[in-house]
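Content type TSV, N, CA and C atoms, from the file protein.tsv:
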```tsv
chain	number	residue	atom	x	y	z
A	1	MET	N	91.54	118.68	106.44
A	1	MET	CA	92.13	117.65	105.62
A	1	MET	C	92.57	116.50	106.53
A	2	MET	N	92.47	115.28	106.00
A	2	MET	CA	92.87	114.07	106.71
A	2	MET	C	93.68	113.20	105.77
A	3	VAL	N	94.39	112.26	106.35
A	3	VAL	CA	95.04	111.25	105.51
A	3	VAL	C	94.20	109.97	105.56
A	4	LEU	N	94.34	109.18	104.53
A	4	LEU	CA	93.52	107.98	104.40
A	4	LEU	C	93.74	106.99	105.55
A	5	ALA	N	94.93	106.98	106.14
A	5	ALA	CA	95.19	106.09	107.28
A	5	ALA	C	94.28	106.45	108.46
A	6	GLU	N	94.04	107.74	108.68
A	6	GLU	CA	93.13	108.17	109.76
A	6	GLU	C	91.71	107.69	109.48
A	7	ILE	N	91.31	107.80	108.24
A	7	ILE	CA	89.96	107.39	107.84
A	7	ILE	C	89.80	105.88	108.02
A	8	GLN	N	90.82	105.14	107.64
A	8	GLN	CA	90.78	103.68	107.82
A	8	GLN	C	90.57	103.34	109.29
A	9	LYS	N	91.28	104.03	110.15
A	9	LYS	CA	91.17	103.77	111.59
A	9	LYS	C	89.78	104.16	112.12
A	10	LEU	N	89.29	105.33	111.73
A	10	LEU	CA	87.99	105.80	112.20
A	10	LEU	C	86.85	104.87	111.77
A	11	LEU	N	86.96	104.33	110.55
A	11	LEU	CA	85.89	103.49	110.01
A	11	LEU	C	86.13	102.00	110.24
A	12	LEU	N	87.24	101.68	110.93
A	12	LEU	CA	87.58	100.27	111.15
A	12	LEU	C	87.57	99.53	109.81
A	13	ALA	N	88.18	100.13	108.82
A	13	ALA	CA	88.09	99.65	107.44
A	13	ALA	C	89.23	98.72	107.08
A	14	LYS	N	88.90	97.80	106.22
A	14	LYS	CA	89.88	96.86	105.65
A	14	LYS	C	90.38	97.44	104.32
A	15	ALA	N	91.68	97.42	104.11
A	15	ALA	CA	92.26	97.89	102.84
A	15	ALA	C	92.43	96.71	101.89
A	16	TYR	N	92.14	96.95	100.62
A	16	TYR	CA	92.26	95.89	99.60
A	16	TYR	C	93.40	96.15	98.63
A	17	THR	N	94.03	97.30	98.72
A	17	THR	CA	95.16	97.63	97.85
A	17	THR	C	96.34	98.01	98.72
A	18	GLU	N	97.53	97.93	98.18
A	18	GLU	CA	98.75	98.13	98.96
A	18	GLU	C	99.28	99.55	98.84
A	19	HIS	N	98.51	100.51	99.19
A	19	HIS	CA	98.96	101.91	99.16
A	19	HIS	C	99.45	102.33	100.54
A	20	ASP	N	100.35	103.30	100.56
A	20	ASP	CA	100.77	103.90	101.83
A	20	ASP	C	99.71	104.92	102.21
A	21	LEU	N	98.79	104.52	103.06
A	21	LEU	CA	97.64	105.36	103.40
A	21	LEU	C	98.01	106.58	104.23
A	22	THR	N	99.24	106.60	104.75
A	22	THR	CA	99.66	107.76	105.56
A	22	THR	C	100.03	108.95	104.68
A	23	ASN	N	100.21	108.72	103.39
A	23	ASN	CA	100.60	109.80	102.48
A	23	ASN	C	99.49	110.27	101.56
A	24	ILE	N	98.29	109.73	101.69
A	24	ILE	CA	97.19	110.08	100.79
A	24	ILE	C	96.27	111.06	101.51
A	25	GLU	N	96.31	112.32	101.06
A	25	GLU	CA	95.51	113.37	101.69
A	25	GLU	C	94.10	113.42	101.11
A	26	ILE	N	93.15	113.56	102.02
A	26	ILE	CA	91.74	113.66	101.67
A	26	ILE	C	91.26	115.05	102.06
A	27	LYS	N	90.70	115.77	101.10
A	27	LYS	CA	90.21	117.13	101.34
A	27	LYS	C	88.74	117.12	101.77
A	28	SER	N	87.95	116.16	101.23
A	28	SER	CA	86.53	116.07	101.54
A	28	SER	C	86.03	114.67	101.21
A	29	ALA	N	84.79	114.39	101.58
A	29	ALA	CA	84.20	113.09	101.30
A	29	ALA	C	82.84	113.27	100.64
A	30	CYS	N	82.45	112.24	99.89
A	30	CYS	CA	81.15	112.22	99.23
A	30	CYS	C	80.56	110.83	99.44
A	31	GLY	N	79.36	110.75	99.93
A	31	GLY	CA	78.67	109.47	100.09
A	31	GLY	C	77.54	109.38	99.09
A	32	SER	N	77.59	108.41	98.18
A	32	SER	CA	76.54	108.30	97.16
A	32	SER	C	76.52	106.92	96.54
A	33	ASP	N	75.32	106.48	96.20
A	33	ASP	CA	75.14	105.27	95.41
A	33	ASP	C	74.65	105.63	94.01
A	34	LEU	N	74.66	106.91	93.69
A	34	LEU	CA	74.29	107.38	92.35
A	34	LEU	C	75.51	107.99	91.68
A	35	LEU	N	76.04	107.30	90.70
A	35	LEU	CA	77.25	107.80	90.05
A	35	LEU	C	76.99	109.11	89.32
A	36	SER	N	75.75	109.34	88.90
A	36	SER	CA	75.44	110.63	88.26
A	36	SER	C	75.63	111.78	89.25
A	37	ASP	N	75.30	111.57	90.51
A	37	ASP	CA	75.55	112.60	91.53
A	37	ASP	C	77.04	112.78	91.78
A	38	VAL	N	77.77	111.69	91.80
A	38	VAL	CA	79.22	111.76	91.98
A	38	VAL	C	79.82	112.58	90.84
A	39	LEU	N	79.39	112.32	89.62
A	39	LEU	CA	79.89	113.06	88.46
A	39	LEU	C	79.56	114.54	88.55
A	40	SER	N	78.41	114.87	89.11
A	40	SER	CA	77.95	116.27	89.16
A	40	SER	C	78.50	117.07	90.32
A	41	PHE	N	78.75	116.43	91.45
A	41	PHE	CA	78.99	117.20	92.67
A	41	PHE	C	80.33	117.02	93.37
A	42	THR	N	81.18	116.14	92.90
A	42	THR	CA	82.43	115.92	93.63
A	42	THR	C	83.53	116.86	93.16
A	43	LYS	N	84.51	117.04	94.02
A	43	LYS	CA	85.65	117.90	93.75
A	43	LYS	C	86.93	117.09	93.93
A	44	GLU	N	88.06	117.67	93.55
A	44	GLU	CA	89.32	116.94	93.66
A	44	GLU	C	89.67	116.65	95.11
A	45	LYS	N	90.50	115.63	95.28
A	45	LYS	CA	90.94	115.15	96.60
A	45	LYS	C	89.76	114.67	97.45
A	46	THR	N	88.71	114.18	96.79
A	46	THR	CA	87.53	113.67	97.47
A	46	THR	C	87.61	112.16	97.59
A	47	LEU	N	87.15	111.65	98.72
A	47	LEU	CA	87.02	110.22	98.97
A	47	LEU	C	85.57	109.83	98.74
A	48	LEU	N	85.33	108.80	97.94
A	48	LEU	CA	83.97	108.34	97.68
A	48	LEU	C	83.60	107.21	98.62
A	49	LEU	N	82.46	107.36	99.29
A	49	LEU	CA	81.87	106.28	100.09
A	49	LEU	C	80.65	105.80	99.32
A	50	THR	N	80.57	104.49	99.06
A	50	THR	CA	79.48	103.96	98.26
A	50	THR	C	79.21	102.50	98.60
A	51	GLY	N	78.01	102.08	98.27
A	51	GLY	CA	77.65	100.68	98.41
A	51	GLY	C	77.66	99.97	97.07
A	52	LEU	N	78.02	100.69	96.01
A	52	LEU	CA	78.06	100.10	94.68
A	52	LEU	C	79.35	99.30	94.49
A	53	ILE	N	79.20	98.09	94.01
A	53	ILE	CA	80.35	97.22	93.79
A	53	ILE	C	80.36	96.80	92.32
A	54	HIS	N	80.87	97.67	91.48
A	54	HIS	CA	81.08	97.30	90.08
A	54	HIS	C	82.18	98.18	89.48
A	55	PRO	N	82.80	97.73	88.41
A	55	PRO	CA	83.95	98.44	87.84
A	55	PRO	C	83.66	99.89	87.44
A	56	GLN	N	82.41	100.21	87.13
A	56	GLN	CA	82.09	101.59	86.73
A	56	GLN	C	82.42	102.58	87.84
A	57	VAL	N	82.36	102.14	89.09
A	57	VAL	CA	82.73	103.01	90.21
A	57	VAL	C	84.19	103.43	90.06
A	58	LEU	N	85.06	102.48	89.74
A	58	LEU	CA	86.49	102.79	89.60
A	58	LEU	C	86.75	103.67	88.39
A	59	ARG	N	86.00	103.46	87.33
A	59	ARG	CA	86.17	104.30	86.14
A	59	ARG	C	85.75	105.74	86.44
A	60	THR	N	84.70	105.89	87.23
A	60	THR	CA	84.25	107.23	87.64
A	60	THR	C	85.29	107.89	88.53
A	61	VAL	N	85.81	107.15	89.49
A	61	VAL	CA	86.85	107.67	90.39
A	61	VAL	C	88.06	108.12	89.59
A	62	GLU	N	88.47	107.30	88.64
A	62	GLU	CA	89.63	107.64	87.81
A	62	GLU	C	89.36	108.89	86.97
A	63	MET	N	88.20	108.95	86.35
A	63	MET	CA	87.85	110.07	85.48
A	63	MET	C	87.83	111.40	86.24
A	64	LEU	N	87.34	111.37	87.48
A	64	LEU	CA	87.21	112.59	88.28
A	64	LEU	C	88.45	112.86	89.13
A	65	ASP	N	89.42	111.97	89.07
A	65	ASP	CA	90.64	112.08	89.87
A	65	ASP	C	90.32	112.16	91.37
A	66	LEU	N	89.41	111.27	91.80
A	66	LEU	CA	89.09	111.18	93.23
A	66	LEU	C	90.22	110.41	93.91
A	67	VAL	N	90.24	110.46	95.24
A	67	VAL	CA	91.37	109.91	95.98
A	67	VAL	C	91.26	108.41	96.23
A	68	GLY	N	90.07	107.90	96.40
A	68	GLY	CA	89.88	106.48	96.68
A	68	GLY	C	88.43	106.17	96.95
A	69	VAL	N	88.17	104.91	97.31
A	69	VAL	CA	86.80	104.43	97.54
A	69	VAL	C	86.75	103.68	98.86
A	70	VAL	N	85.69	103.95	99.63
A	70	VAL	CA	85.36	103.15	100.80
A	70	VAL	C	84.00	102.53	100.53
A	71	PHE	N	83.95	101.20	100.46
A	71	PHE	CA	82.69	100.50	100.30
A	71	PHE	C	82.05	100.36	101.67
A	72	VAL	N	80.77	100.68	101.75
A	72	VAL	CA	80.05	100.65	103.03
A	72	VAL	C	79.21	99.38	103.13
A	73	ARG	N	78.61	99.18	104.29
A	73	ARG	CA	77.72	98.05	104.57
A	73	ARG	C	78.43	96.71	104.42
A	74	GLY	N	79.75	96.70	104.63
A	74	GLY	CA	80.50	95.46	104.58
A	74	GLY	C	80.69	94.89	103.19
A	75	LYS	N	80.40	95.67	102.18
A	75	LYS	CA	80.56	95.19	100.80
A	75	LYS	C	82.04	95.05	100.48
A	76	GLU	N	82.36	94.04	99.69
A	76	GLU	CA	83.75	93.76	99.34
A	76	GLU	C	83.91	93.75	97.83
A	77	PRO	N	84.98	94.35	97.33
A	77	PRO	CA	85.20	94.36	95.88
A	77	PRO	C	85.62	92.97	95.38
A	78	SER	N	85.29	92.72	94.13
A	78	SER	CA	85.68	91.45	93.50
A	78	SER	C	87.18	91.47	93.22
A	79	PRO	N	87.77	90.29	93.01
A	79	PRO	CA	89.19	90.26	92.64
A	79	PRO	C	89.49	91.09	91.39
A	80	GLU	N	88.56	91.11	90.43
A	80	GLU	CA	88.74	91.91	89.22
A	80	GLU	C	88.77	93.40	89.54
A	81	MET	N	87.91	93.84	90.44
A	81	MET	CA	87.92	95.25	90.85
A	81	MET	C	89.21	95.60	91.58
A	82	ILE	N	89.66	94.71	92.43
A	82	ILE	CA	90.91	94.96	93.17
A	82	ILE	C	92.07	95.10	92.18
A	83	GLU	N	92.13	94.22	91.20
A	83	GLU	CA	93.20	94.28	90.19
A	83	GLU	C	93.11	95.58	89.39
A	84	LEU	N	91.91	95.99	88.98
A	84	LEU	CA	91.74	97.24	88.24
A	84	LEU	C	92.17	98.43	89.10
A	85	ALA	N	91.80	98.42	90.38
A	85	ALA	CA	92.19	99.50	91.29
A	85	ALA	C	93.71	99.56	91.43
A	86	ARG	N	94.35	98.43	91.51
A	86	ARG	CA	95.83	98.40	91.59
A	86	ARG	C	96.45	99.00	90.33
A	87	GLU	N	95.91	98.61	89.18
A	87	GLU	CA	96.41	99.14	87.91
A	87	GLU	C	96.25	100.65	87.81
A	88	LYS	N	95.15	101.15	88.33
A	88	LYS	CA	94.83	102.58	88.23
A	88	LYS	C	95.36	103.38	89.42
A	89	GLY	N	95.90	102.71	90.43
A	89	GLY	CA	96.42	103.41	91.60
A	89	GLY	C	95.34	103.98	92.50
A	90	ILE	N	94.22	103.27	92.60
A	90	ILE	CA	93.08	103.73	93.41
A	90	ILE	C	92.99	102.90	94.69
A	91	PRO	N	93.14	103.53	95.85
A	91	PRO	CA	92.98	102.78	97.10
A	91	PRO	C	91.53	102.33	97.30
A	92	LEU	N	91.36	101.09	97.73
A	92	LEU	CA	90.04	100.54	98.03
A	92	LEU	C	90.00	100.09	99.48
A	93	LEU	N	88.93	100.50	100.18
A	93	LEU	CA	88.71	100.08	101.55
A	93	LEU	C	87.26	99.65	101.70
A	94	SER	N	86.98	98.93	102.77
A	94	SER	CA	85.61	98.51	103.06
A	94	SER	C	85.37	98.64	104.56
A	95	THR	N	84.18	99.12	104.91
A	95	THR	CA	83.78	99.25	106.31
A	95	THR	C	82.43	98.59	106.53
A	96	ALA	N	82.20	98.11	107.73
A	96	ALA	CA	80.90	97.51	108.07
A	96	ALA	C	79.85	98.58	108.33
A	97	PHE	N	80.28	99.82	108.57
A	97	PHE	CA	79.32	100.89	108.82
A	97	PHE	C	78.39	101.09	107.62
A	98	PRO	N	77.10	101.37	107.87
A	98	PRO	CA	76.24	101.80	106.77
A	98	PRO	C	76.68	103.21	106.32
A	99	MET	N	76.25	103.64	105.16
A	99	MET	CA	76.71	104.90	104.60
A	99	MET	C	76.44	106.08	105.53
A	100	TYR	N	75.24	106.18	106.06
A	100	TYR	CA	74.89	107.31	106.93
A	100	TYR	C	75.86	107.41	108.11
A	101	GLU	N	76.12	106.29	108.75
A	101	GLU	CA	77.01	106.30	109.91
A	101	GLU	C	78.46	106.55	109.52
A	102	ALA	N	78.92	105.97	108.43
A	102	ALA	CA	80.30	106.19	107.98
A	102	ALA	C	80.53	107.66	107.67
A	103	CYS	N	79.61	108.28	106.96
A	103	CYS	CA	79.73	109.70	106.65
A	103	CYS	C	79.68	110.53	107.93
A	104	GLY	N	78.82	110.15	108.86
A	104	GLY	CA	78.72	110.87	110.13
A	104	GLY	C	80.00	110.79	110.95
A	105	VAL	N	80.62	109.63	110.97
A	105	VAL	CA	81.88	109.45	111.70
A	105	VAL	C	82.94	110.39	111.12
A	106	LEU	N	83.06	110.43	109.81
A	106	LEU	CA	84.07	111.27	109.16
A	106	LEU	C	83.77	112.75	109.35
A	107	TYR	N	82.50	113.11	109.25
A	107	TYR	CA	82.11	114.52	109.43
A	107	TYR	C	82.40	114.96	110.87
A	108	GLN	N	82.04	114.12	111.81
A	108	GLN	CA	82.27	114.45	113.22
A	108	GLN	C	83.77	114.57	113.53
A	109	ALA	N	84.59	113.82	112.81
A	109	ALA	CA	86.04	113.87	113.01
A	109	ALA	C	86.68	115.07	112.31
A	110	GLY	N	85.87	115.84	111.57
A	110	GLY	CA	86.37	117.07	110.96
A	110	GLY	C	86.57	117.04	109.46
A	111	LEU	N	86.22	115.96	108.80
A	111	LEU	CA	86.35	115.90	107.34
A	111	LEU	C	85.10	116.53	106.71
A	112	PRO	N	85.25	117.61	105.97
A	112	PRO	CA	84.07	118.27	105.39
A	112	PRO	C	83.50	117.52	104.19
A	113	GLY	N	82.26	117.86	103.88
A	113	GLY	CA	81.63	117.39	102.64
A	113	GLY	C	82.02	118.32	101.51
A	114	ASN	N	81.69	117.94	100.30
A	114	ASN	CA	82.05	118.74	99.12
A	114	ASN	C	81.48	120.14	99.13
A	115	SER	N	80.31	120.34	99.71
A	115	SER	CA	79.71	121.68	99.70
A	115	SER	C	80.45	122.65	100.58
A	116	GLN	N	81.30	122.16	101.47
A	116	GLN	CA	82.03	123.01	102.40
A	116	GLN	C	83.46	123.31	101.96
A	117	VAL	N	83.84	122.78	100.80
A	117	VAL	CA	85.20	122.93	100.31
A	117	VAL	C	85.21	123.88	99.12
A	118	ASN	N	86.10	124.86	99.18
A	118	ASN	CA	86.25	125.77	98.04
A	118	ASN	C	87.14	125.11	97.00
A	119	ASP	N	86.87	125.41	95.74
A	119	ASP	CA	87.71	124.86	94.65
A	119	ASP	C	89.11	125.35	94.67
```
Whole structure, structure tokens version:
Amino acid sequence: MMVLAEIQKLLLAKAYTEHDLTNIEIKSACGSDLLSDVLSFTKEKTLLLTGLIHPQVLRTVEMLDLVGVVFVRGKEPSPEMIELAREKGIPLLSTAFPMYEACGVLYQAGLPGNSQVND
């Protein structure tokens, strides 16, 4: 398990919401640009890494009770997405790393993927 502040540091990520990242625990991570896969395979306390920048991502995160979102490849959320994330209490971050590298950094640092976490 990691806290979101550690992940922000590892990924050199910019935060777009005003959450205390030192108190948000992450149990696992999921990297996907297919929301159908996110719906099928994620577990609680999961951090989503994605290149998708649209409000449906936040609705999926909220519905599954995921911990937050890291946008990869330097993608930045729109002001509307940032406001929706604030309303829903969803931390948003962005990293310049491509998805493969961002997931690799987190995995190497000890954050497991969903297949390695028991319910």
Practice problem: Dump as JSON, numbers by chain all residues having an atom at most 7 Å from (87.3, 98.0, 89.5), computed in the file's coordinates with all atoms listed in the file. | Solution: {"A": [54, 55, 56, 57, 58, 59, 80, 81, 82, 83, 84, 85]}
Would you write out those residues with N, CA and C atoms, as a PDB file, keeping the file's coordinate frame?
```
ATOM      1  N   HIS A  54      80.870  97.670  91.480  1.00  0.00           N
ATOM      2  CA  HIS A  54      81.080  97.300  90.080  1.00  0.00           C
ATOM      3  C   HIS A  54      82.180  98.180  89.480  1.00  0.00           C
ATOM      4  N   PRO A  55      82.800  97.730  88.410  1.00  0.00           N
ATOM      5  CA  PRO A  55      83.950  98.440  87.840  1.00  0.00           C
ATOM      6  C   PRO A  55      83.660  99.890  87.440  1.00  0.00           C
ATOM      7  N   GLN A  56      82.410 100.210  87.130  1.00  0.00           N
ATOM      8  CA  GLN A  56      82.090 101.590  86.730  1.00  0.00           C
ATOM      9  C   GLN A  56      82.420 102.580  87.840  1.00  0.00           C
ATOM     10  N   VAL A  57      82.360 102.140  89.090  1.00  0.00           N
ATOM     11  CA  VAL A  57      82.730 103.010  90.210  1.00  0.00           C
ATOM     12  C   VAL A  57      84.190 103.430  90.060  1.00  0.00           C
ATOM     13  N   LEU A  58      85.060 102.480  89.740  1.00  0.00           N
ATOM     14  CA  LEU A  58      86.490 102.790  89.600  1.00  0.00           C
ATOM     15  C   LEU A  58      86.750 103.670  88.390  1.00  0.00           C
ATOM     16  N   ARG A  59      86.000 103.460  87.330  1.00  0.00           N
ATOM     17  CA  ARG A  59      86.170 104.300  86.140  1.00  0.00           C
ATOM     18  C   ARG A  59      85.750 105.740  86.440  1.00  0.00           C
ATOM     19  N   GLU A  80      88.560  91.110  90.430  1.00  0.00           N
ATOM     20  CA  GLU A  80      88.740  91.910  89.220  1.00  0.00           C
ATOM     21  C   GLU A  80      88.770  93.400  89.540  1.00  0.00           C
ATOM     22  N   MET A  81      87.910  93.840  90.440  1.00  0.00           N
ATOM     23  CA  MET A  81      87.920  95.250  90.850  1.00  0.00           C
ATOM     24  C   MET A  81      89.210  95.600  91.580  1.00  0.00           C
ATOM     25  N   ILE A  82      89.660  94.710  92.430  1.00  0.00           N
ATOM     26  CA  ILE A  82      90.910  94.960  93.170  1.00  0.00           C
ATOM     27  C   ILE A  82      92.070  95.100  92.180  1.00  0.00           C
ATOM     28  N   GLU A  83      92.130  94.220  91.200  1.00  0.00           N
ATOM     29  CA  GLU A  83      93.200  94.280  90.190  1.00  0.00           C
ATOM     30  C   GLU A  83      93.110  95.580  89.390  1.00  0.00           C
ATOM     31  N   LEU A  84      91.910  95.990  88.980  1.00  0.00           N
ATOM     32  CA  LEU A  84      91.740  97.240  88.240  1.00  0.00           C
ATOM     33  C   LEU A  84      92.170  98.430  89.100  1.00  0.00           C
ATOM     34  N   ALA A  85      91.800  98.420  90.380  1.00  0.00           N
ATOM     35  CA  ALA A  85      92.190  99.500  91.290  1.00  0.00           C
ATOM     36  C   ALA A  85      93.710  99.560  91.430  1.00  0.00           C
TER      37      ALA A  85
END
```
For Leu111 in chain A, work out the shell of residues within 6.5 Å, counting only N, CA and C atoms and skipping chain neighbours fewer than 5 positions away, then give it as a compact mmCIF listing (two decimals) with N, CA and C atoms, in the frame of the given file.
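To be explicit, this is the file written out as around-v1.txt:
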```
# COMPACT_ATOMS: atom_id res chain seq x y z
N MET A 1 91.54 118.68 106.44
CA MET A 1 92.13 117.65 105.62
C MET A 1 92.57 116.50 106.53
N MET A 2 92.47 115.28 106.00
CA MET A 2 92.87 114.07 106.71
C MET A 2 93.68 113.20 105.77
N LYS A 27 90.70 115.77 101.10
CA LYS A 27 90.21 117.13 101.34
C LYS A 27 88.74 117.12 101.77
N SER A 28 87.95 116.16 101.23
CA SER A 28 86.53 116.07 101.54
C SER A 28 86.03 114.67 101.21
N ALA A 29 84.79 114.39 101.58
CA ALA A 29 84.20 113.09 101.30
C ALA A 29 82.84 113.27 100.64
N LEU A 106 83.06 110.43 109.81
CA LEU A 106 84.07 111.27 109.16
C LEU A 106 83.77 112.75 109.35
```
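Atom C of Leu52 in chain A lies 21.2 Å from atom N of Ile26 in chain A.
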Quiz item: Which of range 50-115 of chain A counts as strand (DSSP E) under DSSP, as a ChimeraX atom specification please?
Solution: /A:50,68-71,92-94
Quiz item: Quick one: of A:Lys14, A:Ser94, A:Leu66, A:Asp20, who's nearest to Phe41 in chain A, counting only C-alpha atoms?
Solution: A:Leu66
Exercise. Figure out the distance between CA of Arg86 in chain A and CA of Gly110 in chain A, please, to one decimal in Å.
Key: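 Computing it gives 28.5 Å between the two atoms.
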Step by step, gather every atom of range 29-41 of chain A that the file lists, find the box along x, y and z that holds them, add 4 Å on each side, and finally give centre and edge lengths in Å to one decimal, as JSON.
```
{"center_x": 79.5, "center_y": 111.2, "center_z": 94.9, "size_x": 18.5, "size_y": 19.9, "size_z": 21.3}
```
Self-check item: Computed interatomic separation between atom C of Leu35 in chain A and atom C of Arg73 in chain A (Å)
Solution: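 The value is 19.6 Å.
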Quiz prompt | Glu6 in chain A surroundings by all atoms listed in the file, 8 Å radius, close-in-sequence under 6 positions cut, as a ChimeraX atom specification | solution = /A:12,21-22
Practice problem: Write out as a ChimeraX atom specification all residues of chain A that DSSP puts in helix (DSSP H, G or I) for this structure's backbone. | Solution: /A:4-10,21-23,35-41,55-64,79-88,99-108,114-116
Self-check item: Long-range neighbours of Thr50 in chain A as a PyMOL selection string, 8 Å cut-off, only C-alpha atoms, 3 positions minimum in chain
Solution: chain A and resi 31-33+69-72+99
Practice problem: Tell me which protein, DNA and RNA residues are within 7 Å of Glu25 in chain A, counting all atoms listed in the file, leaving out same-chain ones fewer than 6 positions away, and put them as number ranges by chain. | Solution: A: 1-4, 45-46, 67
Practice problem: Rank A:Leu34, A:Ser115, A:Leu64, A:Leu39 by their smallest atom-to-atom distance to Gly51 in chain A, using only N, CA and C atoms, and report the top residue only. | Solution: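 Among A:Leu34, A:Ser115, A:Leu64, A:Leu39, it is A:Leu34 that comes nearest to Gly51 in chain A.
Closest approach to Asn114 in chain A from the set A:Thr42, A:Glu62, A:Ala96, A:Pro79 is made by A:Thr42, with distances taken over only N, CA and C atoms.
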Quiz prompt | Closest of A:Lys75, A:Asn23, A:Leu49, A:Asp65 to Cys103 in chain A - atom-to-atom distances counting only N, CA and C atoms | solution = A:Leu49
Self-check item: For Lys88 in chain A, the nearest of the candidates A:Gln108, A:Ile53, A:Gly113, A:His19, counting only C-alpha atoms
Solution: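 Checking each candidate against Lys88 in chain A, we get A:His19 as the closest.
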Test item: write range 21-38 of chain A with N, CA and C atoms as an mmCIF file, in the first residue's frame:
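result-v5.cif written:
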```cif
data_model
loop_
_atom_site.group_PDB
_atom_site.id
_atom_site.type_symbol
_atom_site.label_atom_id
_atom_site.label_comp_id
_atom_site.auth_asym_id
_atom_site.auth_seq_id
_atom_site.Cartn_x
_atom_site.Cartn_y
_atom_site.Cartn_z
ATOM 1 N N LEU A 21 -2.866 14.657 0.049
ATOM 2 C CA LEU A 21 -2.421 13.419 -0.583
ATOM 3 C C LEU A 21 -1.678 12.490 0.368
ATOM 4 N N THR A 22 -1.299 13.005 1.537
ATOM 5 C CA THR A 22 -0.585 12.155 2.503
ATOM 6 C C THR A 22 -1.530 11.223 3.244
ATOM 7 N N ASN A 23 -2.828 11.478 3.161
ATOM 8 C CA ASN A 23 -3.809 10.655 3.872
ATOM 9 C C ASN A 23 -4.619 9.738 2.968
ATOM 10 N N ILE A 24 -4.332 9.713 1.675
ATOM 11 C CA ILE A 24 -5.117 8.908 0.742
ATOM 12 C C ILE A 24 -4.336 7.642 0.420
ATOM 13 N N GLU A 25 -4.825 6.514 0.937
ATOM 14 C CA GLU A 25 -4.139 5.232 0.745
ATOM 15 C C GLU A 25 -4.558 4.579 -0.563
ATOM 16 N N ILE A 26 -3.557 4.053 -1.251
ATOM 17 C CA ILE A 26 -3.755 3.355 -2.511
ATOM 18 C C ILE A 26 -3.359 1.897 -2.301
ATOM 19 N N LYS A 27 -4.270 0.994 -2.610
ATOM 20 C CA LYS A 27 -4.016 -0.440 -2.440
ATOM 21 C C LYS A 27 -3.427 -1.056 -3.712
ATOM 22 N N SER A 28 -3.850 -0.538 -4.885
ATOM 23 C CA SER A 28 -3.375 -1.061 -6.168
ATOM 24 C C SER A 28 -3.604 -0.012 -7.249
ATOM 25 N N ALA A 29 -3.092 -0.291 -8.437
ATOM 26 C CA ALA A 29 -3.259 0.625 -9.563
ATOM 27 C C ALA A 29 -3.769 -0.133 -10.774
ATOM 28 N N CYS A 30 -4.432 0.613 -11.651
ATOM 29 C CA CYS A 30 -4.943 0.070 -12.902
ATOM 30 C C CYS A 30 -4.628 1.076 -14.000
ATOM 31 N N GLY A 31 -4.003 0.640 -15.062
ATOM 32 C CA GLY A 31 -3.730 1.501 -16.202
ATOM 33 C C GLY A 31 -4.591 1.076 -17.372
ATOM 34 N N SER A 32 -5.470 1.964 -17.846
ATOM 35 C CA SER A 32 -6.356 1.591 -18.951
ATOM 36 C C SER A 32 -6.931 2.817 -19.629
ATOM 37 N N ASP A 33 -7.116 2.695 -20.934
ATOM 38 C CA ASP A 33 -7.845 3.696 -21.705
ATOM 39 C C ASP A 33 -9.196 3.131 -22.150
ATOM 40 N N LEU A 34 -9.553 1.965 -21.631
ATOM 41 C CA LEU A 34 -10.853 1.362 -21.917
ATOM 42 C C LEU A 34 -11.675 1.329 -20.632
ATOM 43 N N LEU A 35 -12.691 2.159 -20.564
ATOM 44 C CA LEU A 35 -13.486 2.207 -19.346
ATOM 45 C C LEU A 35 -14.228 0.901 -19.096
ATOM 46 N N SER A 36 -14.510 0.152 -20.153
ATOM 47 C CA SER A 36 -15.155 -1.154 -19.955
ATOM 48 C C SER A 36 -14.229 -2.091 -19.183
ATOM 49 N N ASP A 37 -12.929 -2.024 -19.418
ATOM 50 C CA ASP A 37 -11.976 -2.828 -18.643
ATOM 51 C C ASP A 37 -11.905 -2.345 -17.203
ATOM 52 N N VAL A 38 -11.935 -1.049 -17.012
ATOM 53 C CA VAL A 38 -11.916 -0.488 -15.660
ATOM 54 C C VAL A 38 -13.140 -0.989 -14.900
#
```
